[in-house]
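Enquirer: Before anything else, here's the structure in question.
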Amino acid sequence: MTGPSPVPPAQLLPDHGSARRSSVVRSEGGWPDRSFHWLALLAALTILALIVLVGWELYRGSRLAIHQFGAGFLVSSEWDPVSDVYGALPFIFGTLVSSLIALLIAVPLGVATALFLTEMAPIRLRQPVITVIELLAAVPSVIFGLWGIFVLVPWLRDHLFQWLRTYLGFLPLFRGPIYGPSMLAGGIIVAVMILPIITSVSREILRSVPNLQREAAYALGATHWETIRIAVISYARRGLFGAAVLGLGRALGETMAVTMVIGNRPEISASLLAPGYTLASVVANEFTEATSDLYLNALFELGLVLLAITILVNVIAQLMLRTLAGGSGAKAH
Amino acid sequence: MKKLLLLLLATAVTGAGASAQMLINGAGATFPQPIYAKWFDEYAKVDPSVRFNYQGIGSGGGQKQILSETVDFGASDGPMSDANLAKATRTLWHIPTVAGAVVISYNLPGNPALRLDGPTLAAIYLGEVTKWNDPAIAGQNPGVALPDQDIIVVHRSDGSGTSYIFTDYLSKVSPEWKTKVGKNTAVNWPAGLGGKGNAGVAGQIRQSSGAIGYVELAYARQNGLTFAALKNAAGNYITPSIDSVVAALASATIPDDFRFSMVNAPGENAYPISGVTWLLIYQQQKDPAKGEKLVAFLKWAYTDGQKMAASLDYAPLPDSVQARVLARVNEIKY
């Protein structure tokens, strides 16, 4: 369920001059050095080959559907296995929206938790909290789904959603009938699931901020909060962004827990209280019983679309990281 | 290290010993998996020289694997389409094993016993009847206080044989459903929420007042769900049970290739939303030894095995059908 790691860890850390050191150390060493070099290269290429292979297989499996529907597949909202007409738009919409909701909730929460753990928490409290957060990452997806069905969704339906509709109902986002299973419920479940990775990565990033930075800020007379804002966050901005992207990678591909709470209706609705559907969920749900060739091909194409979205999102993130790097680099040095 | 080697050697030897036992592979439908597992388990006592390995990967996978002959038999909850059957290199038979039913479960204050007919059910799932006190429902349930409450429609989100039987039924009783939606393991649902699996649908129903959904009879019985009596083709309201499914099967018209639908069967006491599940077996077996064992197993399954069906909440085949199926099994060549 984990998406391909989008940002090489070295890039998550702020740029020191030393990190830019040439990575190829020409060595005159004997065969151990050379064989290690080739072995490492082989490992790196294997990963690349794996992604290409997955893409190729997905393409091969979806050729019929690509031929039949062309680009219309991406913009059509019809998904009808009976008359063999397929379109991916509601699923693309659902995947992006539920992931976005998850990020909006999990990033502030995760970064704040990481800040608390590195900057504020008493030493004795740190380890227990870290352990609990990392435990969250070990809970299987389907358990989150069950918890979602039996605890989260009923509570959302009876309390939060009612409140949202009463007080924020003037926004189209919170209108319409309340079922419980909904886009918002899906987003919240995913937020809980990506919280551990965002918190852990953010914590590592914040820990890597040199103490010199903090001391310098204090020396200038900054308060605790100002120190965190000026010296810590702005220094670590790039890395925190990377943490969010890692979380997004996971959110896009999350399947089991989402399908259990999102309502599984292929429909584009402005309201977050309405049910939705995601790419990964529909593939998991319908693949086993799909019998017609075109149906199977359409499901494969959904997989291809999901892969493309994941890659696209990561490329955009890399580009944004680069822009961000220019800004923070100037400040940090 | 030596110990580890010895251990590996021991496993290899026992592994080789086990391979003397013949292994017959099957894959497909998940709905009959509990009864198949029981059969294979019991049959191991009858003939220890053969072992069955069945993977419940779904009907789609079962059809694909038997067509590519990566398994010795396939299994499917829906009959294969003509297009798929044409891909078989030689005669591929559908052999019905057991039947099941789909029940209509709901959640209303006080959980009154409800009666429904096909056209009303179709109208609810089409999103045309949206209130519980709609005259279409109230008219069939005199004396039941139906609330002025929205109906929350729940269906399966995963492709399933249960959905196939249910949509097959709606297509048969409602021309509008047939043209607008149709029948399949997954369809373009005009209304409602999707729940994953029987458990997902049942969970949704249990939690939302005013919900209606469909689940397997076996699941509903084992979990004590409330379910409706349905009006059958003869005009009687029938509560789903093993007996009323057997009655449906006994009155259904069954063609020679066994690819049939038994929804809305004409029998007096037939429950209308029911269907059988099939094994997919080639008439000409490739491996004579395996073919012989498979036929012996099938003969056992259609005699002794059928008696175990009811204990797992499946409906056994009535005698008339059983005789026809056994005749077909005898025609398998190896």
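Just remember, in the structure tokens the first chain shown is A, the second B, etc., residues are 1-based per chain, and ligands are 1-based in the order shown.
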With 7 Å as the cut-off and only C-alpha atoms counted, what is the closest atom pair between each nearby residue of chain B and chain A? Distances in Å to one decimal, ordered by chain and number, as a tab-separated table.
Expert:
residue	atom	partner	partner_atom	distance
B:Ile57	CA	A:Thr288	CA	6.3
B:Gly58	CA	A:Thr288	CA	4.7
B:Ser59	CA	A:Glu289	CA	5.1
B:Gly60	CA	A:Glu289	CA	4.2
B:Gly61	CA	A:Thr288	CA	6.1
B:Ser157	CA	A:Asn264	CA	6.1
B:Asp158	CA	A:Asn285	CA	4.0
B:Gly159	CA	A:Glu286	CA	4.6
B:Ser160	CA	A:Glu289	CA	6.1
B:Gly182	CA	A:Val82	CA	6.1
B:Lys183	CA	A:Val82	CA	6.4
B:Asn184	CA	A:Val82	CA	5.9
B:Thr185	CA	A:Glu289	CA	6.5
B:Ala186	CA	A:Pro81	CA	6.4
B:Val187	CA	A:Pro81	CA	5.6
B:Asn188	CA	A:Asp80	CA	4.8
B:Leu193	CA	A:Gly263	CA	5.2
B:Gly194	CA	A:Asn264	CA	4.9
B:Gly195	CA	A:Gly263	CA	6.8
B:Lys196	CA	A:Met260	CA	6.3
Enquirer: Got a sec to tell me which of region 38-191 of chain B DSSP assigns to alpha helix (DSSP H), as number ranges by chain?
Expert: B: 38-46, 59-67, 82-85, 118-125, 135-138, 161-173, 175-180
Enquirer: How far is it from CA of Thr199 (chain A) to CA of Val111 (chain A), in Å with one decimal?
Expert: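 Between these atoms lies a distance of 6.0 Å.
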Enquirer: Within 10 Å of Gln149 (chain B), counting only C-alpha atoms, which residues show up once you throw out same-chain ones fewer than 2 positions away? Write them as an MDAnalysis selection string, please.
Expert: chainID B and resid 108 130:134 146:147 151:152 209:211
Enquirer: Please provide the set of residues having any atom within 9 Å of Tyr125 (chain B), restricted to only C-alpha atoms, with same-chain residues fewer than 2 positions apart removed, written as a list in words.
Expert: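 Using only C-alpha atoms, the neighbours found are Thr120, Leu121, Ala122, Ala123, Gly127, Glu128, Val129, Val153, Val154, His155, Trp177, Trp189, Pro190, Ala191 and Gly192 of chain B.
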Enquirer: Just list the residues in region 86-304 of chain B DSSP gives strand (DSSP E) on the backbone, as a ChimeraX atom specification.
Expert: /B:92-106,115-116,152-156,193-195,211-216,229-231,237-238,274-282
Enquirer: Please identify all polymer residues within 12 Å of Gly303 (chain A), counting only C-alpha atoms, omitting same-chain residues fewer than 3 positions from it, and present them as a count of residues only.
Expert: 32
Enquirer: Pick from B:Tyr214, B:Phe297, B:Tyr314, B:Tyr106: nearest to Val329 (chain B), with only C-alpha atoms counted?
Expert: B:Phe297
Enquirer: Would you pick out the contacts of region 69-77 of chain B at 9 Å or less, using only C-alpha atoms, so that residues sharing its chain but fewer than 5 positions from it are not included, and give the list as a short mmCIF file (atom, residue, chain, number, x, y, z; two decimals) with N, CA and C atoms, in the first residue's frame?
Expert:
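Dumped to selection-v3.cif:
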data_model
loop_
_atom_site.label_atom_id
_atom_site.label_comp_id
_atom_site.auth_asym_id
_atom_site.auth_seq_id
_atom_site.Cartn_x
_atom_site.Cartn_y
_atom_site.Cartn_z
N ILE B 24 -5.39 -32.21 -6.49
CA ILE B 24 -6.29 -31.66 -7.50
C ILE B 24 -6.58 -30.21 -7.15
N ASN B 25 -6.30 -29.32 -8.10
CA ASN B 25 -6.43 -27.89 -7.83
C ASN B 25 -7.72 -27.31 -8.40
N GLY B 26 -8.32 -26.44 -7.61
CA GLY B 26 -9.50 -25.73 -8.09
C GLY B 26 -9.43 -24.29 -7.61
N ALA B 27 -10.18 -23.42 -8.29
CA ALA B 27 -10.20 -22.03 -7.88
C ALA B 27 -11.49 -21.38 -8.35
N GLY B 28 -11.91 -20.35 -7.63
CA GLY B 28 -13.08 -19.60 -8.08
C GLY B 28 -13.93 -19.03 -6.96
N ALA B 29 -15.24 -19.19 -7.11
CA ALA B 29 -16.23 -18.52 -6.29
C ALA B 29 -15.96 -18.59 -4.79
N THR B 30 -16.28 -17.52 -4.09
CA THR B 30 -16.09 -17.48 -2.64
C THR B 30 -17.35 -17.89 -1.89
N PHE B 31 -18.53 -17.67 -2.51
CA PHE B 31 -19.79 -17.99 -1.83
C PHE B 31 -19.85 -19.45 -1.36
N PRO B 32 -19.49 -20.45 -2.21
CA PRO B 32 -19.60 -21.84 -1.75
C PRO B 32 -18.36 -22.34 -1.02
N GLY B 56 -10.39 -19.60 -3.06
CA GLY B 56 -11.54 -18.73 -3.30
C GLY B 56 -11.08 -17.38 -3.80
N GLY B 58 -12.58 -15.70 -6.34
CA GLY B 58 -13.65 -14.98 -7.02
C GLY B 58 -14.04 -15.68 -8.32
N SER B 59 -15.29 -15.48 -8.74
CA SER B 59 -15.79 -16.17 -9.93
C SER B 59 -15.03 -15.76 -11.19
N GLY B 60 -14.67 -14.49 -11.29
CA GLY B 60 -13.93 -14.02 -12.47
C GLY B 60 -12.63 -14.80 -12.61
N GLY B 61 -11.90 -14.91 -11.50
CA GLY B 61 -10.64 -15.64 -11.50
C GLY B 61 -10.85 -17.12 -11.80
N GLY B 62 -11.93 -17.70 -11.26
CA GLY B 62 -12.23 -19.11 -11.50
C GLY B 62 -12.44 -19.38 -12.98
N GLN B 63 -13.20 -18.50 -13.65
CA GLN B 63 -13.46 -18.68 -15.08
C GLN B 63 -12.18 -18.53 -15.89
N LYS B 64 -11.37 -17.54 -15.52
CA LYS B 64 -10.12 -17.31 -16.25
C LYS B 64 -9.18 -18.49 -16.12
N HIS B 94 -20.92 -26.73 -17.01
CA HIS B 94 -21.36 -26.12 -15.76
C HIS B 94 -22.04 -27.22 -14.95
N SER B 160 -19.90 -9.42 -6.76
CA SER B 160 -20.22 -10.64 -6.03
C SER B 160 -21.37 -11.40 -6.68
N GLY B 161 -21.39 -12.71 -6.44
CA GLY B 161 -22.48 -13.54 -6.92
C GLY B 161 -23.80 -13.13 -6.28
N THR B 162 -23.73 -12.63 -5.05
CA THR B 162 -24.93 -12.16 -4.36
C THR B 162 -25.58 -11.02 -5.15
N TYR B 164 -25.17 -10.52 -8.27
CA TYR B 164 -25.64 -11.07 -9.54
C TYR B 164 -27.05 -11.63 -9.39
N ILE B 165 -27.27 -12.43 -8.35
CA ILE B 165 -28.59 -13.03 -8.15
C ILE B 165 -29.64 -11.94 -7.89
N GLY B 275 -30.31 -18.68 -6.12
CA GLY B 275 -29.51 -19.11 -7.27
C GLY B 275 -28.57 -20.23 -6.89
N VAL B 276 -28.06 -20.94 -7.90
CA VAL B 276 -27.11 -22.01 -7.62
C VAL B 276 -25.69 -21.51 -7.90
N THR B 277 -24.73 -22.30 -7.47
CA THR B 277 -23.34 -22.02 -7.79
C THR B 277 -22.80 -23.24 -8.53
N TRP B 278 -21.85 -23.01 -9.43
CA TRP B 278 -21.42 -24.08 -10.34
C TRP B 278 -19.95 -24.44 -10.18
N LEU B 279 -19.65 -25.70 -10.53
CA LEU B 279 -18.27 -26.08 -10.80
C LEU B 279 -18.11 -26.04 -12.31
N LEU B 280 -16.93 -25.69 -12.78
CA LEU B 280 -16.64 -25.66 -14.22
C LEU B 280 -15.64 -26.76 -14.52
N ILE B 281 -16.08 -27.75 -15.29
CA ILE B 281 -15.26 -28.94 -15.51
C ILE B 281 -15.27 -29.32 -16.98
N TYR B 282 -14.08 -29.64 -17.51
CA TYR B 282 -14.00 -30.07 -18.91
C TYR B 282 -14.56 -31.48 -19.07
N GLN B 285 -11.13 -34.92 -19.67
CA GLN B 285 -10.06 -34.60 -18.72
C GLN B 285 -8.70 -34.88 -19.35
N LYS B 286 -7.73 -34.02 -19.05
CA LYS B 286 -6.40 -34.18 -19.65
C LYS B 286 -5.64 -35.33 -19.01
N LYS B 290 -6.15 -38.11 -12.66
CA LYS B 290 -6.85 -37.03 -11.95
C LYS B 290 -8.33 -37.05 -12.27
N GLY B 291 -8.64 -37.27 -13.55
CA GLY B 291 -10.03 -37.29 -13.98
C GLY B 291 -10.82 -38.34 -13.22
N LEU B 294 -11.40 -37.18 -9.70
CA LEU B 294 -12.33 -36.06 -9.66
C LEU B 294 -13.77 -36.56 -9.79
#
Enquirer: Between CA of Ile230 (chain A) and CA of Phe116 (chain A), what is the spacing in Å?
Expert: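 Rounded to one decimal, the two atoms are 15.9 Å apart.
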Enquirer: What is the CA of Pro175 (chain B)-CA of Gly87 (chain A) distance in Å, reported with one decimal?
Expert: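 Between CA of Pro175 (chain B) and CA of Gly87 (chain A) the gap is 25.8 Å.
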Enquirer: Give me the residues within 10 Å of region 241-245 of chain B as a PyMOL selection string, counting only C-alpha atoms and dropping any in the same chain fewer than 6 places off.
Expert: chain B and resi 99-103+217-218+221+251+262-263+265+267-276+309-310+313-318
Enquirer: Given the selection you just returned, output its residues as a file containing N, CA and C atoms, formatted as a JSON list (two decimals), in the first residue's frame.
Expert:
[["chain", "number", "residue", "atom", "x", "y", "z"],
["B", 99, "ALA", "N", -27.35, -24.48, -3.66],
["B", 99, "ALA", "CA", -28.05, -23.22, -3.92],
["B", 99, "ALA", "C", -28.04, -22.35, -2.67],
["B", 100, "GLY", "N", -28.19, -21.07, -2.89],
["B", 100, "GLY", "CA", -28.27, -20.13, -1.78],
["B", 100, "GLY", "C", -29.33, -19.10, -2.09],
["B", 101, "ALA", "N", -29.64, -18.27, -1.11],
["B", 101, "ALA", "CA", -30.64, -17.24, -1.34],
["B", 101, "ALA", "C", -30.11, -15.90, -0.88],
["B", 102, "VAL", "N", -30.74, -14.86, -1.39],
["B", 102, "VAL", "CA", -30.40, -13.51, -1.00],
["B", 102, "VAL", "C", -31.61, -12.96, -0.25],
["B", 103, "VAL", "N", -31.39, -12.45, 0.96],
["B", 103, "VAL", "CA", -32.52, -11.95, 1.74],
["B", 103, "VAL", "C", -32.47, -10.44, 1.82],
["B", 217, "LEU", "N", -28.41, -15.48, 2.55],
["B", 217, "LEU", "CA", -29.24, -16.13, 3.57],
["B", 217, "LEU", "C", -28.38, -16.70, 4.70],
["B", 218, "ALA", "N", -27.29, -17.39, 4.32],
["B", 218, "ALA", "CA", -26.44, -18.02, 5.33],
["B", 218, "ALA", "C", -25.92, -16.98, 6.32],
["B", 221, "ARG", "N", -28.79, -15.61, 8.56],
["B", 221, "ARG", "CA", -29.21, -16.55, 9.60],
["B", 221, "ARG", "C", -28.18, -16.62, 10.72],
["B", 251, "SER", "N", -38.77, -26.19, -8.79],
["B", 251, "SER", "CA", -39.76, -25.73, -9.76],
["B", 251, "SER", "C", -39.14, -24.93, -10.90],
["B", 262, "MET", "N", -32.64, -19.24, -11.49],
["B", 262, "MET", "CA", -33.83, -19.75, -10.81],
["B", 262, "MET", "C", -34.54, -18.64, -10.04],
["B", 263, "VAL", "N", -34.25, -17.37, -10.36],
["B", 263, "VAL", "CA", -34.95, -16.30, -9.66],
["B", 263, "VAL", "C", -36.41, -16.25, -10.12],
["B", 265, "ALA", "N", -38.83, -18.21, -9.38],
["B", 265, "ALA", "CA", -39.28, -19.55, -9.79],
["B", 265, "ALA", "C", -40.78, -19.69, -9.52],
["B", 267, "GLY", "N", -42.77, -22.10, -8.34],
["B", 267, "GLY", "CA", -43.34, -22.94, -7.29],
["B", 267, "GLY", "C", -44.17, -22.18, -6.26],
["B", 268, "GLU", "N", -45.20, -22.85, -5.70],
["B", 268, "GLU", "CA", -46.08, -22.25, -4.69],
["B", 268, "GLU", "C", -45.30, -21.69, -3.51],
["B", 269, "ASN", "N", -44.33, -22.48, -3.03],
["B", 269, "ASN", "CA", -43.57, -22.09, -1.84],
["B", 269, "ASN", "C", -42.15, -21.67, -2.16],
["B", 270, "ALA", "N", -41.91, -21.30, -3.43],
["B", 270, "ALA", "CA", -40.54, -20.95, -3.84],
["B", 270, "ALA", "C", -40.18, -19.55, -3.38],
["B", 271, "TYR", "N", -39.00, -19.41, -2.75],
["B", 271, "TYR", "CA", -38.50, -18.08, -2.42],
["B", 271, "TYR", "C", -37.88, -17.50, -3.69],
["B", 272, "PRO", "N", -38.27, -16.27, -4.06],
["B", 272, "PRO", "CA", -37.92, -15.80, -5.41],
["B", 272, "PRO", "C", -36.47, -15.38, -5.67],
["B", 273, "ILE", "N", -35.70, -14.96, -4.62],
["B", 273, "ILE", "CA", -34.34, -14.49, -4.93],
["B", 273, "ILE", "C", -33.33, -15.56, -4.52],
["B", 274, "SER", "N", -33.11, -16.53, -5.39],
["B", 274, "SER", "CA", -32.15, -17.58, -5.06],
["B", 274, "SER", "C", -31.41, -18.01, -6.31],
["B", 275, "GLY", "N", -30.31, -18.68, -6.12],
["B", 275, "GLY", "CA", -29.51, -19.11, -7.27],
["B", 275, "GLY", "C", -28.57, -20.23, -6.89],
["B", 276, "VAL", "N", -28.06, -20.94, -7.90],
["B", 276, "VAL", "CA", -27.11, -22.01, -7.62],
["B", 276, "VAL", "C", -25.69, -21.51, -7.90],
["B", 309, "ALA", "N", -24.98, -29.99, 3.31],
["B", 309, "ALA", "CA", -25.24, -28.62, 2.87],
["B", 309, "ALA", "C", -26.06, -27.82, 3.88],
["B", 310, "ALA", "N", -27.18, -28.42, 4.34],
["B", 310, "ALA", "CA", -28.10, -27.66, 5.19],
["B", 310, "ALA", "C", -27.44, -27.21, 6.48],
["B", 313, "ASP", "N", -26.06, -23.93, 6.08],
["B", 313, "ASP", "CA", -27.03, -22.98, 5.54],
["B", 313, "ASP", "C", -27.03, -22.85, 4.03],
["B", 314, "TYR", "N", -26.66, -23.92, 3.33],
["B", 314, "TYR", "CA", -26.83, -23.97, 1.88],
["B", 314, "TYR", "C", -28.01, -24.88, 1.58],
["B", 315, "ALA", "N", -28.67, -24.65, 0.45],
["B", 315, "ALA", "CA", -29.77, -25.53, 0.07],
["B", 315, "ALA", "C", -29.23, -26.64, -0.80],
["B", 316, "PRO", "N", -29.49, -27.91, -0.46],
["B", 316, "PRO", "CA", -29.04, -29.02, -1.31],
["B", 316, "PRO", "C", -29.87, -29.08, -2.58],
["B", 317, "LEU", "N", -29.38, -29.80, -3.58],
["B", 317, "LEU", "CA", -30.15, -29.96, -4.81],
["B", 317, "LEU", "C", -31.29, -30.94, -4.56],
["B", 318, "PRO", "N", -32.50, -30.65, -5.06],
["B", 318, "PRO", "CA", -33.59, -31.63, -4.91],
["B", 318, "PRO", "C", -33.28, -32.89, -5.73]]
